[in-house]
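Colleague: My structure is in entry02.txt, and what it holds is compact mmCIF, C-alpha atoms and all ligand atoms:
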# COMPACT_ATOMS: atom_id res chain seq x y z
CA MET A 25 6.23 3.30 -28.94
CA SER A 26 7.13 1.63 -25.64
CA GLU A 27 7.39 5.06 -23.94
CA LYS A 28 3.62 5.39 -24.27
CA ARG A 29 2.88 2.29 -22.21
CA PRO A 30 0.56 3.22 -19.33
CA ILE A 31 2.25 4.35 -16.14
CA LEU A 32 0.81 4.04 -12.65
CA TYR A 33 2.72 5.95 -9.97
CA CYS A 34 2.17 5.23 -6.27
CA ARG A 35 2.84 8.08 -3.84
CA CYS A 36 2.92 5.82 -0.75
CA ALA A 37 1.32 8.67 1.17
CA TYR A 38 0.51 6.77 4.36
CA ALA A 39 4.02 5.78 5.36
CA LYS A 40 7.56 6.88 4.82
CA VAL A 41 8.84 3.65 3.35
CA LEU A 42 10.00 5.13 0.05
CA PRO A 43 13.03 7.42 0.13
CA GLU A 44 11.50 10.90 -0.14
CA GLU A 45 14.02 12.14 -2.68
CA VAL A 46 13.40 9.17 -4.96
CA LYS A 47 9.62 9.39 -4.95
CA ASP A 48 9.73 13.19 -5.32
CA GLN A 49 12.26 13.16 -8.14
CA VAL A 50 10.52 10.41 -10.08
CA LEU A 51 7.22 12.25 -9.82
CA ALA A 52 8.77 15.59 -10.77
CA ARG A 53 10.41 14.08 -13.84
CA LEU A 54 7.24 12.28 -14.81
CA ILE A 55 5.33 15.55 -14.53
CA ASP A 56 7.96 17.39 -16.57
CA SER A 57 7.91 14.77 -19.31
CA ASP A 58 5.23 14.57 -21.96
CA GLN A 59 4.01 11.18 -20.72
CA PRO A 60 0.42 10.59 -19.73
CA PHE A 61 0.15 8.89 -16.33
CA GLU A 62 -2.14 7.73 -13.58
CA SER A 63 -1.09 8.45 -10.02
CA VAL A 64 -2.60 7.24 -6.78
CA SER A 65 -2.14 8.26 -3.22
CA ASP A 66 -1.38 4.83 -1.74
CA LEU A 67 -1.77 1.43 -3.39
CA CYS A 68 -1.67 -0.32 -0.03
CA GLU A 69 -4.66 1.66 1.15
CA MET A 70 -6.53 0.93 -2.09
CA SER A 71 -5.78 -2.78 -1.69
CA ALA A 72 -6.82 -2.77 1.95
CA ARG A 73 -10.30 -1.57 1.08
CA LYS A 74 -10.46 -3.61 -2.12
CA ASP A 75 -10.93 -0.53 -4.26
CA PRO A 76 -12.68 -1.63 -7.47
CA GLY A 77 -10.67 1.04 -9.30
CA LEU A 78 -7.70 -1.34 -9.10
CA VAL A 79 -9.39 -3.70 -11.58
CA PRO A 80 -9.27 -1.37 -14.62
CA LEU A 81 -5.81 -0.23 -13.56
CA SER A 82 -4.55 -3.83 -13.45
CA GLN A 83 -5.98 -4.68 -16.85
CA GLN A 84 -4.06 -2.12 -18.88
CA PRO A 85 -1.82 -3.88 -21.40
CA GLY A 86 1.85 -3.06 -20.96
CA LEU A 87 1.30 -1.44 -17.56
CA ARG A 88 4.31 -0.10 -15.70
CA ILE A 89 3.79 0.38 -11.96
CA VAL A 90 6.13 2.68 -10.10
CA ALA A 91 5.89 1.68 -6.45
CA CYS A 92 7.94 -0.71 -4.30
CA TYR A 93 8.90 -4.41 -4.21
CA PRO A 94 7.27 -6.31 -7.10
CA ARG A 95 6.27 -9.20 -4.80
CA ALA A 96 4.41 -6.78 -2.52
CA VAL A 97 2.70 -4.97 -5.38
CA LYS A 98 1.68 -8.22 -7.09
CA TRP A 99 -0.02 -9.56 -3.95
CA LEU A 100 -1.58 -6.22 -3.03
CA PHE A 101 -3.39 -6.21 -6.39
CA SER A 102 -4.32 -9.84 -5.92
CA ALA A 103 -5.67 -9.23 -2.40
CA ALA A 104 -7.94 -6.54 -3.85
CA GLY A 105 -9.41 -8.95 -6.41
CA ALA A 106 -7.48 -7.25 -9.23
CA PRO A 107 -4.70 -9.74 -10.02
CA LEU A 108 -1.94 -8.70 -12.39
CA ASP A 109 -1.48 -11.19 -15.21
CA SER A 110 1.36 -13.51 -14.12
CA ASN A 111 2.41 -14.29 -17.69
CA GLU A 112 2.63 -10.62 -18.54
CA MET A 113 4.67 -10.11 -15.38
CA LYS A 114 7.04 -12.92 -16.32
CA THR A 115 7.54 -11.62 -19.83
CA GLY A 116 8.02 -8.06 -18.63
CA GLN A 117 4.89 -6.77 -20.36
CA ILE A 118 3.77 -5.69 -16.92
CA GLU A 119 6.68 -4.13 -15.12
CA ILE A 120 7.01 -3.04 -11.49
CA LEU A 121 9.67 -0.47 -10.72
CA ASN A 122 10.89 -0.35 -7.15
CA MET A 123 11.41 3.12 -5.65
CA ARG A 124 12.47 1.52 -2.35
CA ILE A 125 15.78 0.35 -3.74
CA GLU A 126 16.29 1.95 -7.13
CA SER A 127 17.55 5.45 -7.79
CA ALA A 128 15.33 8.06 -9.43
CA ASP A 129 17.64 7.95 -12.45
CA ALA A 130 17.26 4.18 -12.80
CA VAL A 131 13.48 4.33 -12.46
CA CYS A 132 13.15 7.20 -14.94
CA SER A 133 15.41 5.54 -17.46
CA LYS A 134 13.24 2.39 -17.28
CA LEU A 135 10.21 4.60 -17.83
CA GLY A 136 11.89 5.97 -20.90
CA ILE A 137 11.99 9.47 -19.45
CA THR A 138 15.15 10.94 -20.84
CA SER A 139 16.00 14.61 -20.81
CA SER A 140 14.74 14.93 -24.38
CA ASP A 141 11.31 13.83 -23.16
CA LEU A 142 11.12 16.71 -20.74
CA ASN A 143 8.38 19.01 -21.72
CA SER A 144 10.01 21.79 -23.68
CA THR A 145 7.52 24.27 -22.26
CA GLN A 146 8.86 24.24 -18.70
CA ALA A 147 8.65 27.58 -16.94
CA SER A 148 11.97 29.21 -16.39
CA ASP A 149 11.04 30.34 -12.89
CA PRO A 150 9.84 27.40 -10.79
CA SER A 151 8.42 29.71 -8.15
CA ASP A 152 6.00 31.17 -10.67
CA THR A 153 2.78 29.33 -9.97
CA GLN A 154 0.45 31.36 -12.13
CA ALA A 155 -1.70 28.74 -13.80
CA SER A 156 -1.58 29.98 -17.33
CA GLY A 157 -1.04 27.68 -20.25
CA ALA A 158 2.65 27.54 -21.01
CA LYS A 159 3.88 29.94 -23.60
CA PRO A 160 5.01 28.47 -26.90
CA MET B 16 -5.59 12.39 8.60
CA ILE B 17 -5.42 11.67 4.90
CA ALA B 18 -8.80 11.15 3.31
CA THR B 19 -9.00 7.96 1.30
CA ASN B 20 -8.91 8.48 -2.44
CA ARG B 21 -12.35 7.26 -3.55
CA GLU B 22 -14.08 9.74 -1.32
CA ARG B 23 -12.09 12.41 -3.15
CA PRO B 24 -12.85 13.56 -6.69
CA ARG B 25 -10.42 12.30 -9.30
CA VAL B 26 -8.38 15.13 -10.79
CA LEU B 27 -7.60 15.10 -14.50
CA LEU B 28 -4.84 17.28 -15.89
CA TYR B 29 -6.00 17.65 -19.46
CA GLU B 30 -3.27 18.47 -21.96
CA GLY B 31 -4.84 16.94 -25.04
CA ALA B 32 -6.36 18.41 -28.18
CA HIS B 33 -7.53 22.03 -28.10
CA SER B 34 -5.53 22.90 -25.01
CA LYS B 35 -2.15 24.31 -24.14
CA PRO B 36 0.21 22.46 -21.77
CA ILE B 37 -0.36 23.39 -18.13
CA ASP B 38 2.38 25.48 -16.60
CA PRO B 39 5.04 22.94 -15.49
CA SER B 40 5.76 24.72 -12.21
CA LEU B 41 2.09 24.52 -11.33
CA ARG B 42 1.89 20.84 -12.27
CA ARG B 43 4.99 20.14 -10.21
CA ARG B 44 3.43 21.72 -7.15
CA LEU B 45 -0.14 20.59 -7.61
CA VAL B 46 0.30 16.87 -8.32
CA PRO B 47 2.29 15.86 -5.19
CA THR B 48 0.09 18.06 -3.01
CA LEU B 49 -3.07 16.38 -4.31
CA LEU B 50 -1.58 12.88 -3.97
CA ASP B 51 -0.49 13.60 -0.41
CA ARG B 52 -4.08 14.66 0.31
CA GLY B 53 -5.52 11.39 -0.98
CA TYR B 54 -6.57 12.33 -4.53
CA THR B 55 -6.08 10.23 -7.64
CA VAL B 56 -4.45 12.35 -10.36
CA THR B 57 -4.51 11.48 -14.04
CA ARG B 58 -2.72 13.26 -16.83
CA ILE B 59 -3.88 12.95 -20.41
CA THR B 60 -1.71 14.36 -23.17
CA GLU B 61 -3.27 13.13 -26.36
CA ASN B 62 -6.00 10.81 -27.57
CA ALA B 63 -5.82 8.78 -24.39
CA LYS B 64 -8.90 7.03 -23.10
CA LEU B 65 -10.00 7.83 -19.59
CA GLY B 66 -10.96 4.61 -17.78
CA ASN B 67 -13.53 4.68 -15.02
CA LEU B 68 -11.91 4.09 -11.63
CA GLY B 69 -15.20 4.35 -9.79
CA HIS B 70 -15.02 7.98 -8.70
CA THR B 71 -18.27 9.89 -8.60
CA GLU B 72 -16.75 13.28 -9.39
CA LEU B 73 -14.12 14.28 -11.91
CA VAL B 74 -12.32 17.62 -11.90
CA VAL B 75 -10.87 18.45 -15.32
CA LEU B 76 -8.18 21.12 -15.28
CA GLY B 77 -6.67 22.59 -18.41
CA ALA B 78 -5.61 25.65 -20.36
CA PHE B 79 -8.37 25.22 -22.90
CA GLU B 80 -8.68 26.68 -26.37
CA GLN B 81 -11.92 24.74 -26.80
CA GLN B 82 -13.92 22.41 -24.60
CA PRO B 83 -11.80 19.35 -23.82
CA ASP B 84 -12.55 16.31 -25.89
CA PHE B 85 -11.57 13.00 -24.38
CA ASP B 86 -12.80 9.47 -24.89
CA SER B 87 -14.25 8.34 -21.60
CA ASP B 88 -16.47 5.63 -20.20
CA THR B 89 -17.11 7.77 -17.19
CA SER B 90 -20.75 8.51 -17.91
CA VAL B 91 -21.71 8.15 -14.26
CA LEU B 92 -19.38 10.96 -13.25
CA LYS B 93 -20.20 14.50 -12.44
CA ILE B 94 -17.60 16.47 -14.37
CA HIS B 95 -16.30 19.86 -13.18
CA THR B 96 -14.32 21.55 -15.93
CA ARG B 97 -12.05 24.44 -15.02
CA ASP B 98 -10.04 26.63 -17.35
CA ILE B 99 -7.05 27.36 -15.15
CA GLN B 100 -5.41 30.11 -17.18
CA SER B 101 -6.03 32.73 -14.55
CA ASP B 102 -5.71 30.49 -11.51
CA THR B 103 -2.89 30.25 -9.00
CA PHE B 104 -1.85 27.13 -7.12
CA GLU B 105 -3.74 28.34 -4.07
CA SER B 106 -6.94 29.21 -5.91
CA LEU B 107 -6.92 25.84 -7.68
CA LEU B 108 -6.37 23.91 -4.48
CA GLU B 109 -9.20 25.81 -2.86
CA TYR B 110 -11.45 25.02 -5.83
CA ILE B 111 -10.66 21.29 -5.72
CA GLU B 112 -10.96 21.04 -1.94
CA GLY B 113 -14.29 22.83 -2.20
CA ILE B 114 -15.63 20.14 -4.53
CA ALA B 115 -14.17 17.40 -2.31
CA ALA B 116 -15.86 18.88 0.75
CA GLY B 117 -19.20 18.45 -1.00
CA VAL B 118 -18.71 14.74 -1.74
CA SER B 119 -16.50 13.38 1.04
CA GLU B 120 -18.03 11.21 3.67
CA ALA B 121 -16.21 10.70 6.91
CA ARG B 122 -14.22 7.49 6.98
CA PRO B 123 -12.49 6.00 9.96
CA HIS B 124 -8.75 6.59 10.06
CA TRP B 125 -6.86 3.90 8.15
CA LYS B 126 -3.64 2.47 9.53
CA PRO B 127 -1.18 1.34 6.91
CA TRP B 128 -0.59 -2.05 8.52
CA PHE B 129 -2.05 -5.35 7.44
CA PRO B 130 -0.75 -8.70 6.19
CA VAL B 131 -0.79 -9.75 2.55
CA ILE B 132 -0.34 -13.40 1.56
CA ASP B 133 2.05 -14.45 -1.20
CA TYR B 134 0.10 -17.40 -2.62
CA ASP B 135 3.06 -18.41 -4.79
CA ARG B 136 4.69 -19.49 -1.54
CA CYS B 137 1.80 -20.29 0.79
CA THR B 138 1.21 -24.02 1.38
CA ASN B 139 -2.07 -23.48 3.26
CA CYS B 140 -0.60 -24.99 6.43
CA MET B 141 -2.82 -22.80 8.68
CA GLN B 142 -0.06 -21.97 11.12
CA CYS B 143 -0.82 -18.26 10.82
CA LEU B 144 -4.48 -18.94 11.58
CA SER B 145 -3.48 -20.99 14.62
CA PHE B 146 -1.12 -18.33 15.82
CA CYS B 147 -3.01 -15.07 15.47
CA LEU B 148 -5.04 -14.21 18.56
CA PHE B 149 -6.89 -11.41 16.87
CA ASP B 150 -8.81 -13.37 14.20
CA VAL B 151 -7.02 -11.65 11.35
CA TYR B 152 -6.88 -14.88 9.33
CA GLY B 153 -9.72 -17.02 8.11
CA VAL B 154 -10.50 -19.61 5.49
CA ASN B 155 -12.41 -18.82 2.31
CA GLN B 156 -14.94 -20.97 0.44
CA ASP B 157 -12.13 -22.77 -1.37
CA LYS B 158 -10.64 -23.71 2.03
CA GLN B 159 -7.76 -21.39 1.36
CA ILE B 160 -6.17 -19.24 4.04
CA THR B 161 -7.12 -15.62 3.66
CA VAL B 162 -6.78 -12.30 5.45
CA GLN B 163 -10.30 -11.81 6.74
CA ASN B 164 -10.16 -9.09 9.38
CA GLN B 165 -7.20 -6.94 8.45
CA THR B 166 -8.28 -4.08 10.70
CA ASN B 167 -7.81 -6.39 13.72
CA CYS B 168 -4.09 -6.55 12.95
CA LYS B 169 -1.95 -4.87 15.60
CA THR B 170 0.01 -1.98 14.13
CA ASP B 171 3.71 -2.75 13.64
CA CYS B 172 3.35 -6.34 14.82
CA PRO B 173 4.80 -8.68 12.18
CA ALA B 174 4.74 -11.75 14.45
CA CYS B 175 2.61 -13.93 12.16
CA SER B 176 5.03 -13.41 9.29
CA ARG B 177 7.74 -14.82 11.55
CA VAL B 178 5.60 -17.83 12.25
CA CYS B 179 4.94 -18.63 8.60
CA PRO B 180 7.37 -21.40 7.63
CA GLU B 181 7.25 -20.37 3.97
CA VAL B 182 7.93 -16.66 4.47
CA ALA B 183 4.64 -16.12 2.64
CA ILE B 184 3.24 -13.28 4.77
CA LEU B 185 4.13 -9.74 3.73
CA PHE B 186 3.66 -6.39 5.36
CA PRO B 187 4.42 -4.02 2.49
CA LYS B 188 5.15 -1.08 4.81
CA TYR B 189 7.52 -3.04 7.07
CA LYS B 190 11.05 -1.69 7.38
CA ALA B 191 13.00 -4.79 6.37
CA GLY B 192 13.01 -7.68 3.95
CA PRO B 193 11.78 -10.22 3.21
CA ILE B 194 8.65 -9.20 5.16
CA ASN B 195 8.35 -6.00 3.09
CA GLY B 196 8.18 -8.01 -0.14
CA ASP B 197 11.90 -8.13 -0.89
CA GLU B 198 13.09 -11.32 -2.55
CA ILE B 199 13.69 -14.26 -0.25
CA ASN B 200 17.12 -15.82 -0.08
CA GLN B 201 18.32 -19.09 1.42
CA ASP B 202 19.52 -17.34 4.58
CA ASP B 203 16.03 -15.94 5.16
CA LEU B 204 14.54 -19.39 4.79
CA ARG B 205 17.04 -20.94 7.20
CA ARG B 206 16.50 -18.18 9.73
CA GLU B 207 12.73 -18.42 9.59
CA ALA B 208 12.85 -22.20 9.98
CA MET B 209 15.01 -21.89 13.08
CA LYS B 210 12.85 -19.27 14.70
CA VAL B 211 9.68 -21.20 14.97
CA ASP B 212 8.87 -24.19 17.02
CA ILE B 213 5.26 -24.31 16.04
CA SER B 214 4.29 -27.04 18.46
CA SER B 215 5.08 -24.76 21.37
CA LEU B 216 3.19 -21.95 19.69
CA LEU B 217 0.12 -24.13 19.27
CA GLY B 218 0.28 -25.00 22.94
CA GLY B 219 0.05 -21.32 23.74
CA ASP B 220 3.42 -21.39 25.54
CA ILE B 221 4.66 -18.36 23.72
CA TYR B 222 1.61 -16.43 24.78
CA SER B 223 2.08 -17.31 28.43
CA MET B 224 5.68 -16.23 28.17
CA LEU B 225 4.70 -12.99 26.53
CA LYS B 226 1.99 -12.35 29.07
CA ASP B 227 4.26 -13.15 31.97
CA ARG B 228 6.93 -10.77 30.70
CA SER B 229 4.32 -8.16 29.96
CA MET B 230 2.91 -8.37 33.52
CA LYS B 231 6.39 -7.98 34.96
CA ALA B 232 7.02 -5.02 32.71
CA LYS B 233 3.69 -3.51 33.73
CA SER B 234 4.28 -3.96 37.48
CA ARG B 235 7.72 -2.39 37.30
CA PHE B 236 6.21 0.38 35.28
CA SER B 237 3.52 1.11 37.87
CA LYS B 238 6.01 1.37 40.74
CA GLU B 239 8.08 3.94 38.95
CA ARG B 240 7.49 7.59 39.68
CA ASP B 241 9.91 8.92 37.14
CA ASP B 242 8.34 8.50 33.69
CA ASP B 243 11.63 8.48 31.85
CA ARG B 244 13.13 5.83 34.04
CA ALA B 245 9.97 3.79 33.81
CA LEU B 246 10.00 3.97 30.06
CA LYS B 247 13.65 3.01 29.95
CA GLU B 248 13.00 0.06 32.21
CA ARG B 249 10.08 -1.06 30.12
CA LYS B 250 12.16 -0.78 27.00
CA ARG B 251 14.90 -2.85 28.66
CA CYS B 252 12.37 -5.58 29.55
CA LEU B 253 10.96 -5.53 26.07
CA ASP B 254 14.41 -5.68 24.51
CA LYS B 255 15.21 -8.67 26.66
CA LEU B 256 11.92 -10.27 25.78
CA GLN B 257 12.54 -9.70 22.09
CA ASN B 258 15.93 -11.36 22.38
CA ASP B 259 14.43 -14.24 24.31
CA ILE B 260 11.95 -14.99 21.59
CA ASP B 261 14.41 -14.65 18.78
CA GLY B 262 13.42 -11.17 17.73
CA LEU B 263 9.75 -11.65 16.96
CA ASP B 264 9.64 -7.86 16.91
CA ILE B 265 6.37 -7.58 18.77
CA PRO B 266 5.60 -3.98 19.72
CA ALA B 267 4.99 -2.78 23.25
CA GLU B 268 1.37 -1.90 22.49
CA VAL B 269 0.62 -5.48 21.58
CA LEU B 270 2.25 -6.82 24.72
CA SER B 271 0.47 -4.39 26.99
CA SER B 272 -2.89 -5.07 25.33
CA LEU B 273 -2.69 -8.83 25.63
CA PRO B 274 -5.71 -10.28 27.41
CA SER B 275 -5.46 -12.44 30.55
CA LEU B 276 -3.60 -15.73 30.39
CA ASP B 277 -6.88 -17.69 30.55
CA GLN B 278 -8.33 -15.68 27.68
CA ILE B 279 -5.15 -16.16 25.69
CA GLN B 280 -5.22 -19.90 26.20
CA ALA B 281 -8.90 -20.08 25.23
CA LYS B 282 -8.18 -18.00 22.13
CA ALA B 283 -5.19 -20.13 21.16
CA GLN B 284 -7.35 -23.24 21.57
CA GLN B 285 -10.12 -21.76 19.38
CA ALA B 286 -7.65 -20.72 16.70
CA LYS B 287 -6.07 -24.16 16.79
CA GLN B 288 -9.48 -25.78 16.34
CA ARG B 289 -10.31 -23.52 13.40
CA ALA B 290 -7.00 -24.41 11.79
CA GLU B 291 -7.51 -28.14 12.39
CA GLN B 292 -11.01 -27.98 10.99
CA ALA B 293 -9.79 -26.12 7.91
CA LEU B 294 -7.01 -28.67 7.39
CA ALA B 295 -9.45 -31.57 7.78
CA GLU B 296 -11.85 -30.01 5.25
CA GLN B 297 -8.94 -29.40 2.93
CA ALA B 298 -7.88 -33.07 3.17
CA LEU B 299 -11.47 -34.19 2.56
CA ALA B 300 -11.76 -31.98 -0.51
CA GLU B 301 -8.50 -33.43 -1.88
CA GLN B 302 -9.78 -37.00 -1.38
CA SER B 303 -13.18 -36.49 -2.97
CA PRO B 304 -13.31 -37.23 -6.72
CA LYS B 305 -13.10 -34.18 -8.95
CA PRO B 306 -16.12 -33.51 -11.19
CA ALA B 307 -15.46 -34.31 -14.84
CA THR B 308 -14.75 -31.20 -16.87
S1 LIG A 401 2.45 -0.36 -2.83
FE1 LIG A 401 4.47 0.02 -1.97
S2 LIG A 401 4.89 2.11 -2.61
FE2 LIG A 401 2.68 1.84 -2.80
S3 LIG A 401 1.75 2.39 -0.84
FE3 LIG A 401 2.18 0.23 -0.68
S4 LIG A 401 4.22 0.10 0.30
FE4 LIG A 401 3.98 2.19 -0.52
S1 LIG A 402 1.55 -19.84 7.82
FE1 LIG A 402 2.25 -19.16 5.79
S2 LIG A 402 2.23 -20.99 4.49
FE2 LIG A 402 0.99 -21.42 6.31
S3 LIG A 402 -1.13 -20.88 5.70
FE3 LIG A 402 -0.26 -19.07 6.71
S4 LIG A 402 0.58 -17.87 4.99
FE4 LIG A 402 0.27 -19.93 4.20
Will you turn the file into structure tokens for me?
Modeller:
Amino acid sequence: MSEKRPILYCRCAYAKVLPEEVKDQVLARLIDSDQPFESVSDLCEMSARKDPGLVPLSQQPGLRIVACYPRAVKWLFSAAGAPLDSNEMKTGQIEILNMRIESADAVCSKLGITSSDLNSTQASDPSDTQASGAKP
Amino acid sequence: MIATNRERPRVLLYEGAHSKPIDPSLRRRLVPTLLDRGYTVTRITENAKLGNLGHTELVVLGAFEQQPDFDSDTSVLKIHTRDIQSDTFESLLEYIEGIAAGVSEARPHWKPWFPVIDYDRCTNCMQCLSFCLFDVYGVNQDKQITVQNQTNCKTDCPACSRVCPEVAILFPKYKAGPINGDEINQDDLRREAMKVDISSLLGGDIYSMLKDRSMKAKSRFSKERDDDRALKERKRCLDKLQNDIDGLDIPAEVLSSLPSLDQIQAKAQQAKQRAEQALAEQALAEQSPKPAT
């Protein structure tokens, strides 16, 4: 199912270029969903030091990257020696979702996170941070 | 300072077979906190494979009914498995930070500012190499322009992207498009073309102008007793300077750290020579017959 395509979320931790509410909401909804995901602190920083971890990340078929402008993300991966496949980008098999200009709703809907995907085991009291497994 | 993520352990939220889902309120608090502190966080919900991202330590968190069982090619990792059923957010964070403290090596602070080239647009004209006084650009073995010394780049200075006639230089953390990677429209192209008279840049004229303005700003600054007034005056000079050079958006730090005019001219000359040499080599390579494939 397309909803199980790999997701890579960028937190953009080094600068405030993403609207806080968008990056927070997208992450919260991703966490509340039942989707597996990969999340990194800052793709720019990984690119700047040519992090070899970007290579396996870039090679995942059907990857969806939640970050900023697609042109920036494409060339950040390329600069790190981990180019994203241009054909897959053209055909939409690799997709880059832009939290700089899109709303959290728009990003989440493209990720296939609908309310029905939200993990049914959410705690009723969000301030309760006891780390037990959720009750059935 | 945020530690960079490969010096941090990778954190895996394991919610696969033989485990219960982790408390959502804990996940919601833990994940952003870890990301903001430089960790890479992975969540596995079912038979997902865990790729190796090069981390040396992996912290696996879960509400386990049995030992977690995931397909991984992470044999080089040291794995720390923690059943979190009696943990709190604070105790977990302390646990993870404790492991990180054992593996982190000090890294110099990283500034989120460096140029990235859009090779779909770049024509390899070498104008950025000619322009940059700080040796940020270089030429690789294929005679292609490349960002060689990104740490030399002056924070918040996007001047080289203004110089590029193809709008091919990005600064992903810049405030505005198209420099931040936003799509380029015809207006952007027209504006960029008007801004740059590259022949005057190659002659170093822009640097002398910058230096001259910077010296004036500095001398006014030094005569001022009142810091606020001095700052205001400096800002006024800089604003005027920015207008004069069509909004190159060069920050005050760059202006005040410019070397002497002689040094600038020598640098500009060197950069120009490097660019000319690269262009000549490029032309030669294009002329020489290609080996049969
Ligand atoms: S890739 Fe985009 S979202 Fe991620 S760190 Fe860089 S500027 Fe921020
Ligand atoms: S100025 Fe622009 S087009 Fe010319 S080499 Fe540099 S990046 Fe490429």
Colleague: Taking only C-alpha atoms into account, name the residue in A:Lys40, A:Lys74, A:Arg95, A:Arg53 that is nearest to chain B.
Modeller: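 Among the listed residues, A:Arg95 lies closest to chain B.
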Colleague: Could you list, as a PyMOL selection string, the residues of chain B having an atom within 7 Å of chain A when counting only C-alpha atoms?
Modeller: chain B and resi 20+35-43+50-51+53-60+66+68-69+78+99-104+127+131-133+185+187-188+195-197
Colleague: Pick the closest to ligand LIG 401 (chain A) from A:Gly116, A:Lys134, A:Arg29, A:Glu44: which is it, counting all atoms listed in the file?
Modeller: A:Glu44
Colleague: At what distance in Å, to one decimal, does atom CA of Arg23 of chain B lie from atom CA of Gly77 of chain B?
Modeller: 19.1 Å
Colleague: Work out how far atom CA of Ser106 of chain B is from atom CA of Arg52 of chain B, in Å to one decimal.
Modeller: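 So the answer is 16.1 Å.
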Colleague: At a cut-off of 10 Å, using all atoms listed in the file, what residues contact Arg97 of chain B? Leave out same-chain residues fewer than 4 positions from it and give the result as a PyMOL selection string.
Modeller: chain B and resi 74-79+82+102+107+110-111
Colleague: To one decimal place in Å, what is the distance between atom CA of Ala32 of chain B and atom CA of Lys64 of chain B?
Modeller: 12.7 Å
Colleague: Give as a VMD selection string the residues surrounding ligand LIG 402 (chain A) up to a distance of 8 Å, considering all atoms listed in the file.
Modeller: chain B and resid 132 to 134 136 to 144 159 to 160 175 to 176 178 to 184
Colleague: Could you list, as a ChimeraX atom specification, every residue within 9 Å of segment 117-119 of chain A, counting all atoms listed in the file and ignoring same-chain residues fewer than 5 positions away?
Modeller: /A:84-90,94,108-112
Colleague: Excluding Lys158 of chain B and its own-chain neighbours fewer than 5 positions away, which residues fall within 9 Å of it when counting all atoms listed in the file? Please give them as number ranges by chain.
Modeller: B: 139, 293-294, 296-297, 300
Colleague: Of the candidates B:Ala191, B:Leu204, B:Ala286, B:Ala295, which one gets nearest to ligand LIG 401 (chain A) if we count only C-alpha atoms and all ligand atoms?
Modeller: B:Ala191
Colleague: Would you please work out which residue, of B:Asp135, B:Cys147, B:His95, B:Tyr189, is nearest to ligand LIG 401 (chain A) when using all atoms listed in the file?
Modeller: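 Between B:Asp135, B:Cys147, B:His95, B:Tyr189, the residue approaching ligand LIG 401 (chain A) most closely is B:Tyr189.
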